$ cat query14.csv   # CSV, N, CA and C atoms
chain,number,residue,atom,x,y,z
A,1,MET,N,5.7,-23.9,-9.4
A,1,MET,CA,6.0,-22.5,-9.3
A,1,MET,C,6.1,-22.1,-7.8
A,2,SER,N,7.1,-21.4,-7.5
A,2,SER,CA,7.3,-20.9,-6.1
A,2,SER,C,7.4,-19.4,-6.0
A,3,VAL,N,7.2,-18.9,-4.9
A,3,VAL,CA,7.3,-17.4,-4.6
A,3,VAL,C,8.7,-17.3,-4.1
A,4,ARG,N,9.5,-16.4,-4.7
A,4,ARG,CA,10.8,-16.1,-4.2
A,4,ARG,C,11.0,-14.5,-4.1
A,5,ALA,N,11.9,-14.2,-3.2
A,5,ALA,CA,12.3,-12.7,-3.1
A,5,ALA,C,13.6,-12.5,-3.8
A,6,VAL,N,13.6,-11.4,-4.6
A,6,VAL,CA,14.8,-11.1,-5.4
A,6,VAL,C,15.2,-9.7,-4.9
A,7,ARG,N,16.5,-9.5,-4.6
A,7,ARG,CA,17.0,-8.2,-4.2
A,7,ARG,C,17.8,-7.5,-5.3
A,8,GLY,N,17.8,-6.2,-5.1
A,8,GLY,CA,18.6,-5.4,-6.0
A,8,GLY,C,19.0,-4.1,-5.4
A,9,ALA,N,20.1,-3.5,-5.8
A,9,ALA,CA,20.4,-2.1,-5.3
A,9,ALA,C,21.3,-1.4,-6.4
A,10,THR,N,21.2,-0.1,-6.3
A,10,THR,CA,22.1,0.7,-7.2
A,10,THR,C,22.4,2.0,-6.5
A,11,GLN,N,23.5,2.6,-6.9
A,11,GLN,CA,23.9,3.9,-6.3
A,11,GLN,C,23.9,4.9,-7.4
A,12,LEU,N,23.3,6.1,-7.1
A,12,LEU,CA,23.3,7.2,-8.0
A,12,LEU,C,24.5,8.1,-7.8
A,13,THR,N,25.0,8.8,-8.8
A,13,THR,CA,26.0,9.7,-8.6
A,13,THR,C,25.5,11.1,-8.1
A,14,SER,N,24.2,11.4,-8.5
A,14,SER,CA,23.6,12.7,-8.1
A,14,SER,C,22.1,12.5,-8.0
A,15,ASP,N,21.5,13.4,-7.2
A,15,ASP,CA,20.0,13.3,-7.0
A,15,ASP,C,19.3,14.1,-8.1
A,16,THR,N,19.2,13.4,-9.3
A,16,THR,CA,18.4,14.1,-10.4
A,16,THR,C,17.3,13.1,-10.8
A,17,ARG,N,16.2,13.6,-11.3
A,17,ARG,CA,15.1,12.8,-11.8
A,17,ARG,C,15.6,11.9,-12.9
A,18,GLU,N,16.4,12.4,-13.8
A,18,GLU,CA,16.9,11.6,-14.9
A,18,GLU,C,17.7,10.4,-14.5
A,19,GLU,N,18.6,10.7,-13.5
A,19,GLU,CA,19.5,9.6,-13.1
A,19,GLU,C,18.7,8.5,-12.3
A,20,MET,N,17.7,9.0,-11.5
A,20,MET,CA,16.9,8.1,-10.7
A,20,MET,C,16.1,7.2,-11.7
A,21,LEU,N,15.5,7.7,-12.7
A,21,LEU,CA,14.8,6.9,-13.7
A,21,LEU,C,15.7,5.9,-14.4
A,22,GLU,N,16.9,6.4,-14.8
A,22,GLU,CA,17.8,5.6,-15.5
A,22,GLU,C,18.4,4.5,-14.7
A,23,ARG,N,18.8,4.7,-13.5
A,23,ARG,CA,19.4,3.7,-12.6
A,23,ARG,C,18.4,2.7,-12.1
A,24,VAL,N,17.2,3.1,-11.8
A,24,VAL,CA,16.2,2.2,-11.3
A,24,VAL,C,15.7,1.3,-12.5
A,25,THR,N,15.6,1.9,-13.6
A,25,THR,CA,15.2,1.1,-14.8
A,25,THR,C,16.3,0.1,-15.1
A,26,GLU,N,17.5,0.4,-15.0
A,26,GLU,CA,18.6,-0.5,-15.2
A,26,GLU,C,18.6,-1.6,-14.2
A,27,MET,N,18.4,-1.3,-12.9
A,27,MET,CA,18.3,-2.3,-11.9
A,27,MET,C,17.2,-3.3,-12.1
A,28,VAL,N,16.0,-2.8,-12.3
A,28,VAL,CA,14.8,-3.6,-12.5
A,28,VAL,C,15.0,-4.5,-13.7
A,29,THR,N,15.5,-4.0,-14.8
A,29,THR,CA,15.6,-4.8,-16.0
A,29,THR,C,16.8,-5.8,-15.9
A,30,GLU,N,17.8,-5.5,-15.1
A,30,GLU,CA,18.9,-6.4,-14.9
A,30,GLU,C,18.4,-7.6,-14.0
A,31,VAL,N,17.5,-7.3,-13.0
A,31,VAL,CA,16.9,-8.3,-12.1
A,31,VAL,C,16.1,-9.2,-13.0
A,32,MET,N,15.3,-8.6,-13.9
A,32,MET,CA,14.4,-9.4,-14.8
A,32,MET,C,15.3,-10.3,-15.7
A,33,SER,N,16.3,-9.8,-16.3
A,33,SER,CA,17.1,-10.5,-17.2
A,33,SER,C,17.9,-11.6,-16.5
A,34,ALA,N,18.5,-11.3,-15.4
A,34,ALA,CA,19.3,-12.3,-14.7
A,34,ALA,C,18.5,-13.5,-14.2
A,35,ASN,N,17.2,-13.3,-13.9
A,35,ASN,CA,16.3,-14.3,-13.4
A,35,ASN,C,15.2,-14.8,-14.4
A,36,ARG,N,15.4,-14.4,-15.6
A,36,ARG,CA,14.4,-14.8,-16.7
A,36,ARG,C,13.0,-14.5,-16.3
A,37,LEU,N,12.7,-13.3,-15.9
A,37,LEU,CA,11.4,-12.8,-15.4
A,37,LEU,C,10.7,-11.9,-16.4
A,38,ASP,N,9.4,-12.0,-16.4
A,38,ASP,CA,8.6,-11.0,-17.1
A,38,ASP,C,7.8,-10.2,-16.1
A,39,VAL,N,7.2,-9.1,-16.5
A,39,VAL,CA,6.4,-8.3,-15.6
A,39,VAL,C,5.4,-9.1,-14.9
A,40,GLU,N,4.8,-10.1,-15.7
A,40,GLU,CA,3.7,-10.9,-15.1
A,40,GLU,C,4.1,-11.8,-14.0
A,41,ASP,N,5.4,-12.0,-13.8
A,41,ASP,CA,5.9,-12.9,-12.8
A,41,ASP,C,6.0,-12.2,-11.4
A,42,PHE,N,5.9,-10.8,-11.4
A,42,PHE,CA,6.1,-10.0,-10.2
A,42,PHE,C,4.8,-10.0,-9.4
A,43,ILE,N,4.9,-10.2,-8.1
A,43,ILE,CA,3.8,-10.1,-7.2
A,43,ILE,C,3.7,-8.7,-6.6
A,44,SER,N,4.9,-8.2,-6.1
A,44,SER,CA,5.0,-6.9,-5.5
A,44,SER,C,6.4,-6.5,-5.5
A,45,VAL,N,6.7,-5.2,-5.4
A,45,VAL,CA,8.1,-4.7,-5.3
A,45,VAL,C,8.1,-3.6,-4.2
A,46,ILE,N,9.1,-3.7,-3.3
A,46,ILE,CA,9.3,-2.6,-2.3
A,46,ILE,C,10.6,-2.0,-2.7
A,47,PHE,N,10.6,-0.6,-2.9
A,47,PHE,CA,11.8,0.2,-3.1
A,47,PHE,C,12.1,1.0,-1.9
A,48,THR,N,13.3,1.1,-1.5
A,48,THR,CA,13.8,2.0,-0.5
A,48,THR,C,14.8,2.9,-1.1
A,49,ALA,N,14.9,4.1,-0.6
A,49,ALA,CA,15.9,5.1,-1.0
A,49,ALA,C,16.4,5.8,0.2
A,50,THR,N,17.7,6.1,0.1
A,50,THR,CA,18.3,6.9,1.2
A,50,THR,C,17.7,8.3,1.2
A,51,SER,N,17.8,9.0,2.4
A,51,SER,CA,17.1,10.3,2.5
A,51,SER,C,17.7,11.4,1.7
A,52,ASP,N,18.9,11.2,1.0
A,52,ASP,CA,19.4,12.2,0.2
A,52,ASP,C,18.9,12.1,-1.3
A,53,LEU,N,18.0,11.2,-1.5
A,53,LEU,CA,17.3,11.1,-2.8
A,53,LEU,C,15.9,11.5,-2.8
A,54,VAL,N,15.6,12.7,-3.4
A,54,VAL,CA,14.3,13.2,-3.3
A,54,VAL,C,13.7,13.7,-4.7
A,55,ALA,N,14.5,13.5,-5.8
A,55,ALA,CA,14.1,14.0,-7.1
A,55,ALA,C,13.0,13.3,-7.7
A,56,GLU,N,12.8,12.0,-7.4
A,56,GLU,CA,11.7,11.2,-8.1
A,56,GLU,C,11.5,9.9,-7.3
A,57,PHE,N,10.3,9.4,-7.4
A,57,PHE,CA,9.9,8.1,-6.7
A,57,PHE,C,10.6,7.0,-7.5
A,58,PRO,N,11.3,6.0,-6.9
A,58,PRO,CA,11.9,4.9,-7.6
A,58,PRO,C,10.8,4.1,-8.3
A,59,ALA,N,9.6,4.0,-7.8
A,59,ALA,CA,8.6,3.2,-8.4
A,59,ALA,C,8.1,3.7,-9.7
A,60,TYR,N,8.3,5.0,-9.9
A,60,TYR,CA,7.8,5.6,-11.2
A,60,TYR,C,8.6,4.9,-12.4
A,61,ALA,N,9.9,4.6,-12.2
A,61,ALA,CA,10.7,4.0,-13.2
A,61,ALA,C,10.1,2.6,-13.5
A,62,ALA,N,9.7,1.9,-12.5
A,62,ALA,CA,9.1,0.5,-12.7
A,62,ALA,C,7.7,0.7,-13.4
A,63,ARG,N,6.9,1.7,-13.1
A,63,ARG,CA,5.6,1.9,-13.8
A,63,ARG,C,5.9,2.1,-15.2
A,64,ARG,N,6.9,2.9,-15.6
A,64,ARG,CA,7.2,3.1,-17.0
A,64,ARG,C,7.6,1.9,-17.7
A,65,LEU,N,8.0,0.8,-17.0
A,65,LEU,CA,8.4,-0.5,-17.6
A,65,LEU,C,7.2,-1.4,-17.7
A,66,GLY,N,6.0,-0.9,-17.4
A,66,GLY,CA,4.8,-1.8,-17.5
A,66,GLY,C,4.4,-2.4,-16.2
A,67,PHE,N,4.8,-1.9,-15.0
A,67,PHE,CA,4.5,-2.4,-13.7
A,67,PHE,C,3.2,-1.8,-13.2
A,68,GLY,N,2.4,-1.2,-14.0
A,68,GLY,CA,1.2,-0.5,-13.6
A,68,GLY,C,0.2,-1.2,-12.7
A,69,GLU,N,0.1,-2.5,-12.9
A,69,GLU,CA,-0.8,-3.4,-12.2
A,69,GLU,C,-0.1,-4.1,-11.0
A,70,ILE,N,1.2,-3.9,-10.9
A,70,ILE,CA,1.9,-4.6,-9.8
A,70,ILE,C,1.9,-3.7,-8.6
A,71,PRO,N,1.6,-4.2,-7.4
A,71,PRO,CA,1.7,-3.3,-6.2
A,71,PRO,C,3.2,-2.9,-6.0
A,72,LEU,N,3.4,-1.6,-5.9
A,72,LEU,CA,4.7,-1.0,-5.7
A,72,LEU,C,4.7,-0.1,-4.4
A,73,LEU,N,5.8,-0.1,-3.7
A,73,LEU,CA,5.8,0.7,-2.5
A,73,LEU,C,7.2,1.3,-2.4
A,74,CYS,N,7.2,2.6,-2.1
A,74,CYS,CA,8.5,3.3,-1.8
A,74,CYS,C,8.6,3.6,-0.3
A,75,ALA,N,9.8,3.5,0.2
A,75,ALA,CA,10.0,3.8,1.7
A,75,ALA,C,11.4,4.4,1.8
A,76,ARG,N,11.7,4.9,3.0
A,76,ARG,CA,13.0,5.5,3.3
A,76,ARG,C,13.8,4.4,3.9
A,77,GLU,N,15.1,4.4,3.5
A,77,GLU,CA,16.1,3.5,4.1
A,77,GLU,C,16.5,4.1,5.5
A,78,LEU,N,16.8,3.2,6.4
A,78,LEU,CA,17.3,3.7,7.7
A,78,LEU,C,18.5,4.6,7.6
A,79,GLU,N,18.6,5.6,8.4
A,79,GLU,CA,19.7,6.5,8.4
A,79,GLU,C,20.7,6.1,9.4
A,80,ILE,N,21.7,5.3,9.0
A,80,ILE,CA,22.7,4.8,9.9
A,80,ILE,C,24.0,5.5,9.6
A,81,ASP,N,24.7,5.9,10.7
A,81,ASP,CA,26.0,6.6,10.5
A,81,ASP,C,26.9,5.8,9.7
A,82,GLY,N,27.5,6.4,8.7
A,82,GLY,CA,28.5,5.8,7.8
A,82,GLY,C,27.9,4.9,6.7
A,83,SER,N,26.5,4.9,6.5
A,83,SER,CA,26.0,4.2,5.5
A,83,SER,C,26.2,4.8,4.1
A,84,MET,N,26.1,4.0,3.1
A,84,MET,CA,26.4,4.5,1.7
A,84,MET,C,25.3,5.5,1.3
A,85,PRO,N,25.7,6.6,0.7
A,85,PRO,CA,24.7,7.6,0.2
A,85,PRO,C,24.2,7.3,-1.1
A,86,ARG,N,23.0,7.9,-1.5
A,86,ARG,CA,22.4,7.9,-2.8
A,86,ARG,C,22.1,6.5,-3.3
A,87,VAL,N,21.5,5.6,-2.4
A,87,VAL,CA,21.3,4.2,-2.8
A,87,VAL,C,19.8,4.0,-2.9
A,88,VAL,N,19.4,3.3,-3.9
A,88,VAL,CA,18.0,2.7,-4.1
A,88,VAL,C,18.1,1.2,-4.0
A,89,ARG,N,17.3,0.6,-3.2
A,89,ARG,CA,17.2,-0.8,-3.0
A,89,ARG,C,15.9,-1.3,-3.5
A,90,MET,N,15.8,-2.6,-3.9
A,90,MET,CA,14.5,-3.2,-4.2
A,90,MET,C,14.4,-4.6,-3.6
A,91,MET,N,13.3,-5.0,-3.2
A,91,MET,CA,13.0,-6.4,-2.9
A,91,MET,C,11.7,-6.7,-3.6
A,92,ALA,N,11.8,-7.6,-4.6
A,92,ALA,CA,10.6,-8.0,-5.4
A,92,ALA,C,10.2,-9.4,-5.0
A,93,HIS,N,8.9,-9.6,-4.9
A,93,HIS,CA,8.4,-11.0,-4.7
A,93,HIS,C,7.9,-11.4,-6.0
A,94,VAL,N,8.4,-12.6,-6.5
A,94,VAL,CA,8.1,-13.1,-7.8
A,94,VAL,C,7.7,-14.6,-7.8
A,95,GLU,N,6.9,-14.9,-8.8
A,95,GLU,CA,6.6,-16.4,-9.0
A,95,GLU,C,7.7,-16.9,-10.1
A,96,THR,N,8.3,-18.0,-9.7
A,96,THR,CA,9.4,-18.5,-10.6
A,96,THR,C,9.6,-20.0,-10.3
A,97,ASP,N,10.2,-20.6,-11.3
A,97,ASP,CA,10.6,-22.0,-11.1
A,97,ASP,C,12.0,-22.1,-10.6
A,98,LEU,N,12.7,-21.0,-10.4
A,98,LEU,CA,14.0,-21.0,-9.9
A,98,LEU,C,14.1,-21.5,-8.4
A,99,GLU,N,15.1,-22.3,-8.1
A,99,GLU,CA,15.3,-22.7,-6.7
A,99,GLU,C,15.9,-21.4,-6.0
A,100,ARG,N,15.7,-21.4,-4.7
A,100,ARG,CA,16.2,-20.2,-3.9
A,100,ARG,C,17.7,-20.0,-4.2
A,101,ARG,N,18.5,-21.0,-4.3
A,101,ARG,CA,19.9,-20.8,-4.5
A,101,ARG,C,20.2,-20.3,-6.0
A,102,GLU,N,19.3,-20.5,-6.9
A,102,GLU,CA,19.5,-20.0,-8.3
A,102,GLU,C,19.1,-18.6,-8.5
A,103,VAL,N,18.4,-18.0,-7.6
A,103,VAL,CA,18.0,-16.6,-7.7
A,103,VAL,C,19.2,-15.7,-7.7
A,104,THR,N,19.3,-14.8,-8.7
A,104,THR,CA,20.4,-13.8,-8.8
A,104,THR,C,20.0,-12.5,-8.3
A,105,HIS,N,20.6,-12.0,-7.3
A,105,HIS,CA,20.4,-10.7,-6.8
A,105,HIS,C,21.4,-9.7,-7.5
A,106,VAL,N,20.9,-8.5,-7.8
A,106,VAL,CA,21.7,-7.6,-8.7
A,106,VAL,C,22.1,-6.4,-7.9
A,107,TYR,N,23.4,-6.1,-7.8
A,107,TYR,CA,23.9,-4.9,-7.1
A,107,TYR,C,24.8,-4.2,-8.1
A,108,LEU,N,24.4,-3.0,-8.4
A,108,LEU,CA,25.0,-2.2,-9.5
A,108,LEU,C,25.7,-1.0,-9.0
A,109,HIS,N,26.7,-0.6,-9.7
A,109,HIS,CA,27.5,0.6,-9.5
A,109,HIS,C,28.1,0.5,-8.1
A,110,GLY,N,28.2,1.6,-7.3
A,110,GLY,CA,28.8,1.5,-6.0
A,110,GLY,C,28.1,0.6,-5.0
A,111,ALA,N,26.8,0.3,-5.3
A,111,ALA,CA,26.0,-0.6,-4.4
A,111,ALA,C,26.5,-2.0,-4.4
A,112,ALA,N,27.4,-2.4,-5.4
A,112,ALA,CA,27.9,-3.7,-5.4
A,112,ALA,C,28.7,-4.0,-4.1
A,113,ALA,N,29.2,-3.0,-3.5
A,113,ALA,CA,30.0,-3.2,-2.2
A,113,ALA,C,29.1,-3.5,-1.0
A,114,LEU,N,27.8,-3.3,-1.2
A,114,LEU,CA,26.8,-3.6,-0.1
A,114,LEU,C,26.7,-5.0,0.3
A,115,ARG,N,26.8,-5.9,-0.7
A,115,ARG,CA,26.7,-7.3,-0.5
A,115,ARG,C,27.8,-8.1,-1.2
A,116,SER,N,29.0,-7.8,-0.8
A,116,SER,CA,30.1,-8.5,-1.3
A,116,SER,C,30.1,-10.0,-0.9
A,117,ASP,N,29.3,-10.3,0.1
A,117,ASP,CA,29.2,-11.7,0.5
A,117,ASP,C,28.5,-12.6,-0.5
A,118,LEU,N,27.7,-12.0,-1.4
A,118,LEU,CA,26.9,-12.8,-2.4
A,118,LEU,C,27.9,-13.2,-3.5
A,119,THR,N,27.7,-14.4,-4.0
A,119,THR,CA,28.5,-14.8,-5.1
A,119,THR,C,28.0,-14.3,-6.4
A,120,LYS,N,26.8,-13.9,-6.5
A,120,LYS,CA,26.2,-13.4,-7.7
A,120,LYS,C,26.0,-11.9,-7.7
A,121,VAL,N,27.0,-11.2,-7.5
A,121,VAL,CA,27.0,-9.7,-7.5
A,121,VAL,C,27.5,-9.2,-8.8
A,122,ARG,N,26.9,-8.2,-9.4
A,122,ARG,CA,27.4,-7.7,-10.6
A,122,ARG,C,27.7,-6.2,-10.5
A,123,SER,N,28.8,-5.8,-11.0
A,123,SER,CA,29.2,-4.5,-11.0
A,123,SER,C,29.4,-4.0,-12.5
A,124,LEU,N,29.1,-2.8,-12.8
A,124,LEU,CA,29.3,-2.3,-14.1
A,124,LEU,C,30.6,-1.7,-14.4
A,125,PRO,N,31.2,-1.7,-15.6
A,125,PRO,CA,32.5,-1.3,-15.8
A,125,PRO,C,32.7,0.2,-15.6
A,126,ASP,N,31.7,1.0,-15.7
A,126,ASP,CA,31.9,2.5,-15.5
A,126,ASP,C,31.8,2.9,-14.0
A,127,ASP,N,31.8,1.9,-13.1
A,127,ASP,CA,31.7,2.2,-11.7
A,127,ASP,C,32.9,3.0,-11.2
A,128,GLN,N,32.6,4.0,-10.4
A,128,GLN,CA,33.7,4.7,-9.8
A,128,GLN,C,33.4,4.7,-8.3
A,129,PRO,N,34.5,4.7,-7.5
A,129,PRO,CA,34.3,4.7,-6.0
A,129,PRO,C,33.4,5.9,-5.6
A,130,ASP,N,32.5,5.6,-4.8
A,130,ASP,CA,31.6,6.6,-4.2
A,130,ASP,C,31.7,6.6,-2.7
A,131,GLY,N,31.5,7.8,-2.2
A,131,GLY,CA,31.6,7.9,-0.7
A,131,GLY,C,30.4,7.3,0.0

$ encode --input "query14.csv" --output "structure tokens"
Amino acid sequence: MSVRAVRGATQLTSDTREEMLERVTEMVTEVMSANRLDVEDFISVIFTATSDLVAEFPAYAARRLGFGEIPLLCARELEIDGSMPRVVRMMAHVETDLERREVTHVYLHGAAALRSDLTKVRSLPDDQPDG
């Protein structure tokens, strides 16, 4: 069993509590599914959000999924000119038998454009171009 880092990101269309909970839940569950992970496999999760997202803590969505005993941290993403708005990112440290090259990082909605260099990027069919 090894410790691996798994990345994820999603973009919201608007800053509402409902959408924050929905999109972060989707991102976390997609990371879990893509990497065959259970809550017990997680060591810790760091969430970042761009400064235009203030309606809810991203970690609250993970807590609702059963991550109550997993250390979770929320932080602000750097404000860089021209960066993508309304983005939540995650970096999870997990215990897994997957080799580093087998780990699937999940980028959803407009955030799929953030890491087009990864071969294992997933975009959802309802994605629309976001600014």

$ closest_residue --input "query14.csv" --among "A:Val3, A:Val106, A:Leu73, A:Met20" --to "His93 of chain A" --atoms "only C-alpha atoms"
A:Val3

$ closest_residue --input "query14.csv" --among "A:Arg86, A:Glu95, A:Arg4, A:Arg115" --to "Pro58 of chain A" --atoms "only C-alpha atoms"
A:Arg86

$ closest_residue --input "query14.csv" --among "A:Thr13, A:Thr50, A:Thr25, A:Ser33" --to "Arg64 of chain A" --atoms "only C-alpha atoms"
A:Thr25

$ atom_distance --input "query14.csv" --atom1 "atom N of Phe42 of chain A" --atom2 "atom C of Val87 of chain A"
22.0 Å

$ atom_distance --input "query14.csv" --atom1 "atom CA of Ser51 of chain A" --atom2 "atom N of Leu78 of chain A"
8.1 Å

$ closest_residue --input "query14.csv" --among "A:Ala111, A:Ile70, A:Val94, A:Ala55" --to "Ser14 of chain A" --atoms "only C-alpha atoms"
A:Ala55

$ closest_residue --input "query14.csv" --among "A:Thr10, A:Ala49, A:Asn35, A:Asp97" --to "Arg23 of chain A" --atoms "only N, CA and C atoms"
A:Thr10

$ atom_distance --input "query14.csv" --atom1 "atom C of Cys74 of chain A" --atom2 "atom CA of Glu30 of chain A"
20.5 Å

$ select_by_dssp --input "query14.csv" --residues "segment 2-131 of chain A" --states "alpha helix (DSSP H)" --output "VMD selection string"
chain A and resid 17 to 34 58 to 64

$ select_by_dssp --input "query14.csv" --residues "segment 23-100 of chain A" --states "strand (DSSP E)" --output "number ranges by chain"
A: 42-49, 72-76, 87-96

$ closest_residue --input "query14.csv" --among "A:Val6, A:Ala112, A:Asp81, A:Met91" --to "Arg36 of chain A" --atoms "only C-alpha atoms"
A:Val6

$ residues_around --input "query14.csv" --residues "segment 88-90 of chain A" --least-positions-apart "6" --cutoff "7 Å" --atoms "only C-alpha atoms" --output "VMD selection string"
chain A and resid 7 to 11 45 to 50
